[in-house]
Structure formats: C-alpha cells, structure tokens
$ cat my_file-v7.cif   # mmCIF, C-alpha atoms and all ligand atoms
data_target
#
loop_
_atom_site.group_PDB
_atom_site.id
_atom_site.type_symbol
_atom_site.label_atom_id
_atom_site.label_comp_id
_atom_site.auth_asym_id
_atom_site.auth_seq_id
_atom_site.Cartn_x
_atom_site.Cartn_y
_atom_site.Cartn_z
ATOM 1 C CA MET A 1 93.698 -298.442 47.878
ATOM 2 C CA ALA A 2 90.419 -299.764 49.256
ATOM 3 C CA VAL A 3 87.154 -298.466 47.825
ATOM 4 C CA GLY A 4 83.675 -298.347 49.289
ATOM 5 C CA ARG A 5 82.503 -298.738 52.854
ATOM 6 C CA ALA A 6 83.140 -302.074 54.478
ATOM 7 C CA ASP A 7 79.418 -302.523 55.233
ATOM 8 C CA ILE A 8 78.277 -302.092 51.624
ATOM 9 C CA LYS A 9 78.582 -305.025 49.294
ATOM 10 C CA ILE A 10 79.936 -304.386 45.803
ATOM 11 C CA TYR A 11 79.096 -306.635 42.875
ATOM 12 C CA ALA A 12 80.862 -306.359 39.525
ATOM 13 C CA ILE A 13 79.412 -307.746 36.320
ATOM 14 C CA ILE A 14 81.989 -308.285 33.579
ATOM 15 C CA VAL A 15 80.282 -308.703 30.217
ATOM 16 C CA ALA A 16 82.277 -310.919 27.884
ATOM 17 C CA ALA A 17 79.586 -312.510 25.711
ATOM 18 C CA GLY A 18 80.117 -310.391 22.586
ATOM 19 C CA SER A 19 81.311 -311.838 19.296
ATOM 20 C CA GLY A 20 83.571 -308.853 18.502
ATOM 21 C CA SER A 21 82.641 -308.546 14.829
ATOM 22 C CA ARG A 22 84.643 -305.298 14.300
ATOM 23 C CA PHE A 23 87.803 -306.860 15.642
ATOM 24 C CA GLY A 24 88.377 -309.284 12.801
ATOM 25 C CA ALA A 25 90.258 -311.986 14.750
ATOM 26 C CA GLN A 26 89.346 -315.670 14.978
ATOM 27 C CA LEU A 27 88.549 -315.329 18.680
ATOM 28 C CA PRO A 28 86.339 -312.576 20.182
ATOM 29 C CA LYS A 29 88.636 -309.738 21.335
ATOM 30 C CA GLN A 30 88.116 -310.459 25.047
ATOM 31 C CA PHE A 31 89.748 -313.880 24.608
ATOM 32 C CA CYS A 32 92.692 -312.821 22.432
ATOM 33 C CA ARG A 33 96.066 -313.194 24.136
ATOM 34 C CA MET A 34 97.484 -310.221 26.023
ATOM 35 C CA LYS A 35 100.834 -310.916 27.715
ATOM 36 C CA GLY A 36 100.170 -314.558 26.882
ATOM 37 C CA ARG A 37 96.706 -314.892 28.499
ATOM 38 C CA PRO A 38 93.109 -314.189 27.455
ATOM 39 C CA VAL A 39 92.394 -310.432 27.828
ATOM 40 C CA VAL A 40 89.439 -311.071 30.158
ATOM 41 C CA MET A 41 91.748 -312.563 32.812
ATOM 42 C CA THR A 42 93.456 -309.161 33.110
ATOM 43 C CA SER A 43 90.038 -307.432 33.219
ATOM 44 C CA ILE A 44 88.971 -309.681 36.121
ATOM 45 C CA GLU A 45 92.274 -309.283 37.986
ATOM 46 C CA ARG A 46 92.159 -305.499 37.712
ATOM 47 C CA VAL A 47 88.619 -305.391 39.132
ATOM 48 C CA ARG A 48 89.644 -307.681 41.996
ATOM 49 C CA GLU A 49 92.618 -305.419 42.782
ATOM 50 C CA ALA A 50 90.718 -302.123 42.494
ATOM 51 C CA VAL A 51 87.675 -303.274 44.486
ATOM 52 C CA PRO A 52 88.796 -305.569 47.335
ATOM 53 C CA GLY A 53 86.051 -307.968 48.449
ATOM 54 C CA VAL A 54 84.100 -307.501 45.220
ATOM 55 C CA GLU A 55 81.707 -310.298 44.221
ATOM 56 C CA LEU A 56 82.060 -310.955 40.511
ATOM 57 C CA ARG A 57 79.836 -312.280 37.752
ATOM 58 C CA LEU A 58 81.448 -313.137 34.418
ATOM 59 C CA VAL A 59 79.010 -313.220 31.488
ATOM 60 C CA LEU A 60 80.022 -315.600 28.686
ATOM 61 C CA SER A 61 78.216 -316.794 25.598
ATOM 62 C CA GLU A 62 77.229 -320.470 25.936
ATOM 63 C CA ALA A 63 79.689 -321.306 23.150
ATOM 64 C CA PHE A 64 82.658 -320.286 25.331
ATOM 65 C CA ILE A 65 81.687 -321.643 28.746
ATOM 66 C CA ASP A 66 83.565 -324.970 28.395
ATOM 67 C CA GLN A 67 86.513 -323.314 26.704
ATOM 68 C CA TRP A 68 86.722 -320.781 29.540
ATOM 69 C CA ALA A 69 86.847 -323.583 32.143
ATOM 70 C CA GLU A 70 89.681 -325.150 30.152
ATOM 71 C CA TRP A 71 91.630 -321.865 29.987
ATOM 72 C CA CYS A 72 91.179 -321.392 33.747
ATOM 73 C CA ARG A 73 92.742 -324.840 34.307
ATOM 74 C CA GLU A 74 95.521 -324.113 31.814
ATOM 75 C CA TYR A 75 96.458 -320.742 33.384
ATOM 76 C CA GLY A 76 95.689 -321.668 37.019
ATOM 77 C CA PHE A 77 93.099 -318.879 37.100
ATOM 78 C CA ALA A 78 90.265 -318.724 39.684
ATOM 79 C CA SER A 79 87.072 -318.077 37.734
ATOM 80 C CA PRO A 80 84.304 -315.897 39.106
ATOM 81 C CA VAL A 81 80.706 -317.176 38.956
ATOM 82 C CA VAL A 82 79.853 -317.598 35.258
ATOM 83 C CA VAL A 83 76.498 -316.508 33.795
ATOM 84 C CA GLY A 84 75.213 -317.272 30.280
ATOM 85 C CA GLY A 85 75.054 -314.233 27.980
ATOM 86 C CA GLY A 86 72.437 -313.001 25.528
ATOM 87 C CA SER A 87 72.331 -311.682 21.996
ATOM 88 C CA THR A 88 72.818 -308.036 23.067
ATOM 89 C CA ARG A 89 74.960 -306.432 25.770
ATOM 90 C CA TRP A 90 71.683 -305.390 27.440
ATOM 91 C CA GLU A 91 70.525 -309.017 27.619
ATOM 92 C CA SER A 92 73.898 -310.145 28.966
ATOM 93 C CA VAL A 93 73.755 -307.559 31.764
ATOM 94 C CA ARG A 94 70.145 -308.460 32.561
ATOM 95 C CA ASN A 95 71.066 -312.150 32.904
ATOM 96 C CA ALA A 96 73.850 -311.249 35.341
ATOM 97 C CA ILE A 97 71.554 -309.034 37.433
ATOM 98 C CA GLU A 98 69.097 -311.934 37.650
ATOM 99 C CA SER A 99 71.904 -314.123 39.052
ATOM 100 C CA ILE A 100 72.321 -311.820 42.067
ATOM 101 C CA PRO A 101 70.254 -313.209 44.975
ATOM 102 C CA VAL A 102 66.853 -311.505 45.302
ATOM 103 C CA ASP A 103 67.489 -311.005 49.008
ATOM 104 C CA ALA A 104 70.825 -309.231 48.444
ATOM 105 C CA ASP A 105 71.261 -305.941 50.333
ATOM 106 C CA ARG A 106 69.197 -303.314 48.464
ATOM 107 C CA ARG A 107 71.935 -300.757 49.101
ATOM 108 C CA ALA A 108 74.538 -302.943 47.383
ATOM 109 C CA ILE A 109 76.474 -301.351 44.547
ATOM 110 C CA VAL A 110 76.784 -302.931 41.113
ATOM 111 C CA MET A 111 79.556 -302.045 38.689
ATOM 112 C CA VAL A 112 79.012 -303.146 35.111
ATOM 113 C CA HIS A 113 82.216 -303.478 33.108
ATOM 114 C CA ASP A 114 83.171 -304.403 29.546
ATOM 115 C CA ALA A 115 85.628 -307.307 29.417
ATOM 116 C CA ALA A 116 87.206 -305.533 26.452
ATOM 117 C CA ARG A 117 88.450 -302.719 28.755
ATOM 118 C CA PRO A 118 91.067 -304.656 30.697
ATOM 119 C CA LEU A 119 92.962 -301.855 32.468
ATOM 120 C CA LEU A 120 90.733 -300.563 35.291
ATOM 121 C CA THR A 121 92.583 -298.348 37.794
ATOM 122 C CA PRO A 122 91.846 -298.020 41.549
ATOM 123 C CA GLU A 123 91.438 -294.239 41.042
ATOM 124 C CA VAL A 124 88.532 -294.712 38.619
ATOM 125 C CA ALA A 125 86.848 -297.279 40.893
ATOM 126 C CA THR A 126 87.225 -294.954 43.900
ATOM 127 C CA GLY A 127 85.706 -292.035 41.971
ATOM 128 C CA LEU A 128 82.668 -294.083 40.985
ATOM 129 C CA ILE A 129 81.930 -295.303 44.514
ATOM 130 C CA ALA A 130 82.456 -291.801 45.954
ATOM 131 C CA ALA A 131 79.896 -290.362 43.510
ATOM 132 C CA LEU A 132 77.285 -292.948 44.531
ATOM 133 C CA GLU A 133 77.959 -292.185 48.187
ATOM 134 C CA GLN A 134 77.209 -288.526 47.395
ATOM 135 C CA GLY A 135 73.722 -289.599 46.277
ATOM 136 C CA TYR A 136 73.938 -289.701 42.479
ATOM 137 C CA ASP A 137 71.740 -292.227 40.641
ATOM 138 C CA GLY A 138 74.822 -293.583 38.933
ATOM 139 C CA ALA A 139 78.409 -292.828 38.005
ATOM 140 C CA VAL A 140 80.284 -293.316 34.735
ATOM 141 C CA PRO A 141 83.915 -292.700 33.798
ATOM 142 C CA CYS A 142 84.385 -290.226 30.934
ATOM 143 C CA VAL A 143 87.176 -288.788 28.822
ATOM 144 C CA PRO A 144 87.128 -285.749 26.526
ATOM 145 C CA VAL A 145 86.388 -286.345 22.848
ATOM 146 C CA VAL A 146 89.585 -285.819 20.843
ATOM 147 C CA ASP A 147 88.258 -286.085 17.284
ATOM 148 C CA SER A 148 86.125 -283.418 15.646
ATOM 149 C CA ILE A 149 82.493 -284.503 15.740
ATOM 150 C CA ARG A 150 79.771 -284.183 13.077
ATOM 151 C CA ARG A 151 76.086 -284.852 13.556
ATOM 152 C CA VAL A 152 74.671 -286.864 10.630
ATOM 153 C CA PHE A 153 71.030 -286.487 9.514
ATOM 154 C CA PRO A 154 68.903 -289.240 7.921
ATOM 155 C CA ASP A 155 69.191 -287.596 4.465
ATOM 156 C CA GLY A 156 73.006 -287.812 4.618
ATOM 157 C CA ARG A 157 73.669 -284.138 5.330
ATOM 158 C CA SER A 158 75.846 -283.383 8.346
ATOM 159 C CA GLU A 159 76.885 -280.495 10.554
ATOM 160 C CA ALA A 160 79.812 -279.782 12.848
ATOM 161 C CA VAL A 161 79.055 -279.803 16.585
ATOM 162 C CA ASP A 162 81.020 -278.351 19.480
ATOM 163 C CA ARG A 163 83.021 -281.316 20.772
ATOM 164 C CA SER A 164 83.609 -279.601 24.133
ATOM 165 C CA GLU A 165 79.943 -280.333 24.877
ATOM 166 C CA TYR A 166 80.506 -284.106 24.557
ATOM 167 C CA ARG A 167 82.303 -286.823 26.519
ATOM 168 C CA ALA A 168 83.270 -290.367 25.566
ATOM 169 C CA VAL A 169 81.865 -292.791 28.128
ATOM 170 C CA GLN A 170 83.772 -295.795 29.466
ATOM 171 C CA THR A 171 83.075 -298.579 31.951
ATOM 172 C CA PRO A 172 82.755 -299.683 34.732
ATOM 173 C CA GLN A 173 79.494 -297.865 35.366
ATOM 174 C CA ALA A 174 78.223 -297.958 38.941
ATOM 175 C CA PHE A 175 74.669 -297.961 40.314
ATOM 176 C CA ARG A 176 72.704 -299.122 43.321
ATOM 177 C CA LEU A 177 71.458 -302.691 42.899
ATOM 178 C CA GLU A 178 67.773 -301.915 43.439
ATOM 179 C CA ASP A 179 67.787 -299.087 40.864
ATOM 180 C CA LEU A 180 69.637 -301.099 38.227
ATOM 181 C CA ARG A 181 67.376 -304.089 38.753
ATOM 182 C CA GLU A 182 64.287 -301.938 38.268
ATOM 183 C CA ALA A 183 65.748 -300.250 35.162
ATOM 184 C CA TYR A 184 66.513 -303.619 33.559
ATOM 185 C CA LEU A 185 62.875 -304.720 33.971
ATOM 186 C CA ARG A 186 61.953 -302.273 31.192
ATOM 187 C CA PRO A 187 62.032 -303.393 27.542
ATOM 188 C CA PHE A 188 65.196 -303.080 25.466
ATOM 189 C CA GLU A 189 65.655 -300.138 23.100
ATOM 190 C CA PRO A 190 68.472 -299.963 20.520
ATOM 191 C CA ALA A 191 69.801 -296.710 22.045
ATOM 192 C CA MET A 192 70.664 -298.631 25.235
ATOM 193 C CA THR A 193 74.349 -299.129 24.461
ATOM 194 C CA ASP A 194 75.437 -298.863 28.084
ATOM 195 C CA ASP A 195 73.931 -299.043 31.557
ATOM 196 C CA ALA A 196 73.596 -295.297 32.128
ATOM 197 C CA SER A 197 71.271 -295.149 29.102
ATOM 198 C CA VAL A 198 69.154 -297.961 30.591
ATOM 199 C CA MET A 199 68.937 -296.081 33.886
ATOM 200 C CA GLU A 200 68.014 -292.838 32.118
ATOM 201 C CA ALA A 201 65.166 -294.540 30.273
ATOM 202 C CA ALA A 202 63.859 -295.558 33.705
ATOM 203 C CA GLY A 203 63.930 -291.933 34.885
ATOM 204 C CA ARG A 204 67.194 -292.151 36.831
ATOM 205 C CA SER A 205 69.146 -289.459 35.048
ATOM 206 C CA ASP A 206 71.289 -287.908 37.782
ATOM 207 C CA ILE A 207 74.445 -289.595 36.537
ATOM 208 C CA ALA A 208 77.835 -288.375 37.796
ATOM 209 C CA LEU A 209 80.656 -288.072 35.270
ATOM 210 C CA VAL A 210 83.921 -289.059 36.921
ATOM 211 C CA ASP A 211 87.398 -288.916 35.418
ATOM 212 C CA GLY A 212 88.030 -291.910 33.197
ATOM 213 C CA ALA A 213 91.449 -293.006 31.957
ATOM 214 C CA ASP A 214 93.082 -293.453 28.562
ATOM 215 C CA CYS A 215 94.116 -296.951 29.606
ATOM 216 C CA LEU A 216 90.423 -297.854 30.014
ATOM 217 C CA MET A 217 89.979 -297.726 26.236
ATOM 218 C CA LYS A 218 87.886 -300.498 24.731
ATOM 219 C CA ILE A 219 89.684 -302.999 22.528
ATOM 220 C CA THR A 220 87.600 -302.704 19.379
ATOM 221 C CA ARG A 221 89.709 -302.735 16.210
ATOM 222 C CA PRO A 222 92.820 -304.662 15.174
ATOM 223 C CA GLY A 223 95.771 -302.734 16.661
ATOM 224 C CA ASP A 224 93.929 -301.765 19.876
ATOM 225 C CA LEU A 225 95.240 -304.909 21.559
ATOM 226 C CA ASP A 226 98.866 -303.816 20.950
ATOM 227 C CA ILE A 227 98.105 -300.325 22.304
ATOM 228 C CA VAL A 228 96.551 -301.688 25.514
ATOM 229 C CA GLU A 229 99.311 -304.285 25.933
ATOM 230 C CA ARG A 230 101.921 -301.510 25.774
ATOM 231 C CA MET A 231 100.027 -299.590 28.507
ATOM 232 C CA LEU A 232 99.978 -302.705 30.753
HETATM 233 O O1 LIG A 301 80.378 -304.906 21.133
HETATM 234 P P1 LIG A 301 80.838 -303.981 22.211
HETATM 235 O O2 LIG A 301 82.327 -303.690 22.121
HETATM 236 O O3 LIG A 301 80.031 -302.748 22.376
HETATM 237 O O4 LIG A 301 80.663 -304.805 23.568
HETATM 238 C C1 LIG A 301 80.941 -304.249 24.832
HETATM 239 C C2 LIG A 301 81.064 -305.382 25.847
HETATM 240 O O5 LIG A 301 79.821 -306.060 25.952
HETATM 241 C C3 LIG A 301 82.123 -306.428 25.452
HETATM 242 O O6 LIG A 301 82.902 -306.744 26.593
HETATM 243 C C4 LIG A 301 81.289 -307.594 24.974
HETATM 244 O O7 LIG A 301 81.893 -308.860 25.184
HETATM 245 C C5 LIG A 301 80.001 -307.459 25.808
HETATM 246 N N1 LIG A 301 78.825 -308.047 25.160
HETATM 247 C C6 LIG A 301 78.136 -309.066 25.809
HETATM 248 N N2 LIG A 301 77.051 -309.667 25.178
HETATM 249 C C7 LIG A 301 76.671 -309.278 23.954
HETATM 250 C C8 LIG A 301 77.353 -308.224 23.282
HETATM 251 C C9 LIG A 301 78.431 -307.625 23.928
HETATM 252 O O8 LIG A 301 78.491 -309.457 26.916
HETATM 253 N N3 LIG A 301 75.651 -309.906 23.370
#

$ encode --input "my_file-v7.cif" --output "structure tokens"
Amino acid sequence: MAVGRADIKIYAIIVAAGSGSRFGAQLPKQFCRMKGRPVVMTSIERVREAVPGVELRLVLSEAFIDQWAEWCREYGFASPVVVGGGSTRWESVRNAIESIPVDADRRAIVMVHDAARPLLTPEVATGLIAALEQGYDGAVPCVPVVDSIRRVFPDGRSEAVDRSEYRAVQTPQAFRLEDLREAYLRPFEPAMTDDASVMEAAGRSDIALVDGADCLMKITRPGDLDIVERML
C-alpha cells in the first residue's frame, strides 16, 4: 500500500544511537539479533516497505559506525545515509534534521522513528500521512493504556488517575519538515522525550492521535525481544 502523495517527499529518521541501559544486554537493544540479524535492519526494512520512496537517515553513536558498516557487509544489507548521534534522543534527532539539505522542499514530511520499534505497519504509516494532509501540526500513533496509572507527587504520595484519559505514544511521529526544523532550534528540556513534545514546546500543539499497533511496542526490557520476534 503506497502512502503519501507522489509529489511530496518523505524523509524518515531512525534513531539508533541509544545505549539501552534498561535492556541489560552486552549490545544496545537495537543491535541485538532478531531472526539472526540486528533489530535495526528490520526497523529499516519495515519503513522502506511501508513508505515507498522514503529517504532515510540512520542515527548511530560514533562507537557503532564502523561496526554497522561491517554488519551491512556481513548481511548484504543496503545502509541508509548514516548520521552521528548525540547524548540524548533529542540531540540525535537534531543531528539528523541538520543532515537534510537546507533547500529541501519545505512541504516535505519527516517521520521520526525509534530503531527499537522494529515492526512498523503500512496502516500506521498511512494514518500518519493522512492526518498531516488534513492539516494537523503533527501525527503520532497511540494505544490505550492497559495498566492502572497513579500520579506520583514529589513528597512520595500518589493518587489514582483515570487511565481512559491517557494514551501511550509510539513512533514513527510525523511532521512537516519546516515545522520540525524550527522546533528543534529551541533549547532542550528534559520533558522532551519524543518529537511531539518538542513541537508542542514550539507552540505546534495540534497533534493528531492515530491508531498505533501492539506490534509497534518498544524493545526496552529483557524479554521484549522475544515478544517482538514472535510477532514478526
Ligand atoms: O532510550 P529510549 O528507549 O527512550 O530510546 C528511544 C530511541 O532513541 C532508541 O531507538 C534509541 O536508540 C534512540 N536514542 C538515540 N540517541 C540517544 C538516546 C536514544 O538515538 N542519545
């Protein structure tokens, strides 16, 4: 299924420069083997399939750039353009935005995607692009929250909240290039854990929530890799 209009360019930034400290493996989670290959190769393939003609940027920490080239040779994998990462996800995304030519079409769409969410579906990609075409500032895939949720106060007290008022947010998150570029010129704040929060801080808060997918879960803890591999 093709997404987007043929005359609008779509860039995808895949951030893979994290160290994966919660995962507890020797390698960062995005490089652990899934069906015998580094996870990020599946992430890249799925984006290429869901968004035909997409122009990709892969963000890697400097420590893995040579190793990545070696894996690409070993697995016969065509690498996208590689960009050096930063010490936060925000910095990694900013570096990738800076690698997009300054004279690129201002109407171009950028999708920012976590390498640790390997199973993008065409349906999610289509929903994101459709929302942007309707005029939203951005679009993010969401799923309902399944656990009960408590709000925790600085003094340690907590209170139950109504989980039906909340959504868990996934990636890819889609925006127009010129808006995202402008938003990433502002200084980093710790609450900027994804790109929609960066856009909101820049005053672009009309963000569409589109249906996410269970298979888009982020590999975070030991055991998640097995779950995602079974869904593959
Ligand atoms: O750590 P977390 O799971 O929130 O990271 C989300 C995504 O951002 C991962 O794919 C990770 O590799 C990437 N990341 C990055 N640069 C960082 C930190 C995280 O590209 N400095």

$ closest_residue --input "my_file-v7.cif" --among "A:Trp68, A:Tyr166, A:Phe175, A:Tyr136" --to "Arg106 (chain A)" --atoms "all atoms listed in the file"
A:Phe175

$ residues_around --input "my_file-v7.cif" --residues "Ser43 (chain A)" --least-positions-apart "6" --cutoff "9 Å" --atoms "all atoms listed in the file" --output "ChimeraX atom specification"
/A:14,30,113-120

$ closest_residue --input "my_file-v7.cif" --among "A:Ala213, A:Val93, A:Val51, A:Met41" --to "ligand LIG 301 (chain A)" --atoms "all atoms listed in the file"
A:Val93

$ resolve_selection --input "my_file-v7.cif" --expression "the PyMOL selection byres (((not hetatm)) within 6 of (chain A and resi 301))" --output "ChimeraX atom specification"
/A:15-18,20,59,85-89,92,114-116

$ resolve_selection --input "my_file-v7.cif" --expression "the PyMOL selection byres (((chain A and resi 132) around 12) and not hetatm)" --output "number ranges by chain"
A: 3-5, 8, 10, 107-111, 125-131, 133-140, 173-177, 179, 206-210

$ atom_distance --input "my_file-v7.cif" --atom1 "CA of Gly212 (chain A)" --atom2 "CA of Gln170 (chain A)"
6.9 Å

$ closest_residue --input "my_file-v7.cif" --among "A:Ile97, A:Val161, A:Cys72, A:Leu185" --to "Gly84 (chain A)" --atoms "all atoms listed in the file"
A:Ile97

$ atom_distance --input "my_file-v7.cif" --atom1 "CA of Leu216 (chain A)" --atom2 "CA of Leu58 (chain A)"
18.3 Å

$ resolve_selection --input "my_file-v7.cif" --expression "the PyMOL selection byres (((chain A and resi 203) around 12) and not hetatm)" --output "MDAnalysis selection string"
chainID A and resid 137:138 179:180 182:183 186 196:202 204:207

$ residues_near_point --input "my_file-v7.cif" --point "(90.3, -289.0, 27.7)" --cutoff "12 Å" --atoms "all atoms listed in the file" --output "list of chain:residue names"
A:Pro141, A:Cys142, A:Val143, A:Pro144, A:Val145, A:Val146, A:Asp147, A:Tyr166, A:Arg167, A:Ala168, A:Val169, A:Gln170, A:Val210, A:Asp211, A:Gly212, A:Ala213, A:Asp214, A:Cys215, A:Leu216, A:Met217

$ closest_residue --input "my_file-v7.cif" --among "A:Ala25, A:Leu232, A:Ala63, A:Ile13" --to "Thr171 (chain A)" --atoms "all atoms listed in the file"
A:Ile13

$ closest_residue --input "my_file-v7.cif" --among "A:Glu189, A:Pro80, A:Glu229, A:Glu98" --to "Arg37 (chain A)" --atoms "only C-alpha atoms"
A:Glu229

$ decode --input "my_file-v7.cif" --residues "region 166-196 of chain A" --atoms "C-alpha atoms" --output "short mmCIF file (atom, residue, chain, number, x, y, z; two decimals), in the first residue's frame"
data_model
loop_
_atom_site.label_atom_id
_atom_site.label_comp_id
_atom_site.auth_asym_id
_atom_site.auth_seq_id
_atom_site.Cartn_x
_atom_site.Cartn_y
_atom_site.Cartn_z
CA TYR A 166 -4.36 8.77 28.77
CA ARG A 167 -2.72 7.16 25.74
CA ALA A 168 0.67 5.50 25.32
CA VAL A 169 2.54 7.15 22.46
CA GLN A 170 4.60 5.24 19.90
CA THR A 171 6.69 6.14 16.85
CA PRO A 172 7.03 7.00 13.99
CA GLN A 173 5.83 10.53 14.62
CA ALA A 174 5.21 12.64 11.52
CA PHE A 175 5.58 16.39 10.95
CA ARG A 176 6.27 18.86 8.18
CA LEU A 177 9.99 19.45 7.70
CA GLU A 178 9.89 23.22 8.17
CA ASP A 179 7.93 22.96 11.45
CA LEU A 180 10.15 20.24 12.90
CA ARG A 181 13.29 22.12 11.92
CA GLU A 182 12.05 25.26 13.66
CA ALA A 183 11.00 23.31 16.78
CA TYR A 184 14.44 21.70 17.07
CA LEU A 185 16.12 25.14 17.06
CA ARG A 186 14.78 25.66 20.59
CA PRO A 187 16.81 24.51 23.61
CA PHE A 188 16.41 21.00 25.01
CA GLU A 189 14.20 20.38 28.04
CA PRO A 190 14.15 17.06 29.93
CA ALA A 191 10.40 16.62 29.27
CA MET A 192 11.16 16.33 25.54
CA THR A 193 11.07 12.54 25.37
CA ASP A 194 9.60 12.45 21.87
CA ASP A 195 9.14 14.74 18.89
CA ALA A 196 5.54 15.73 19.60
#
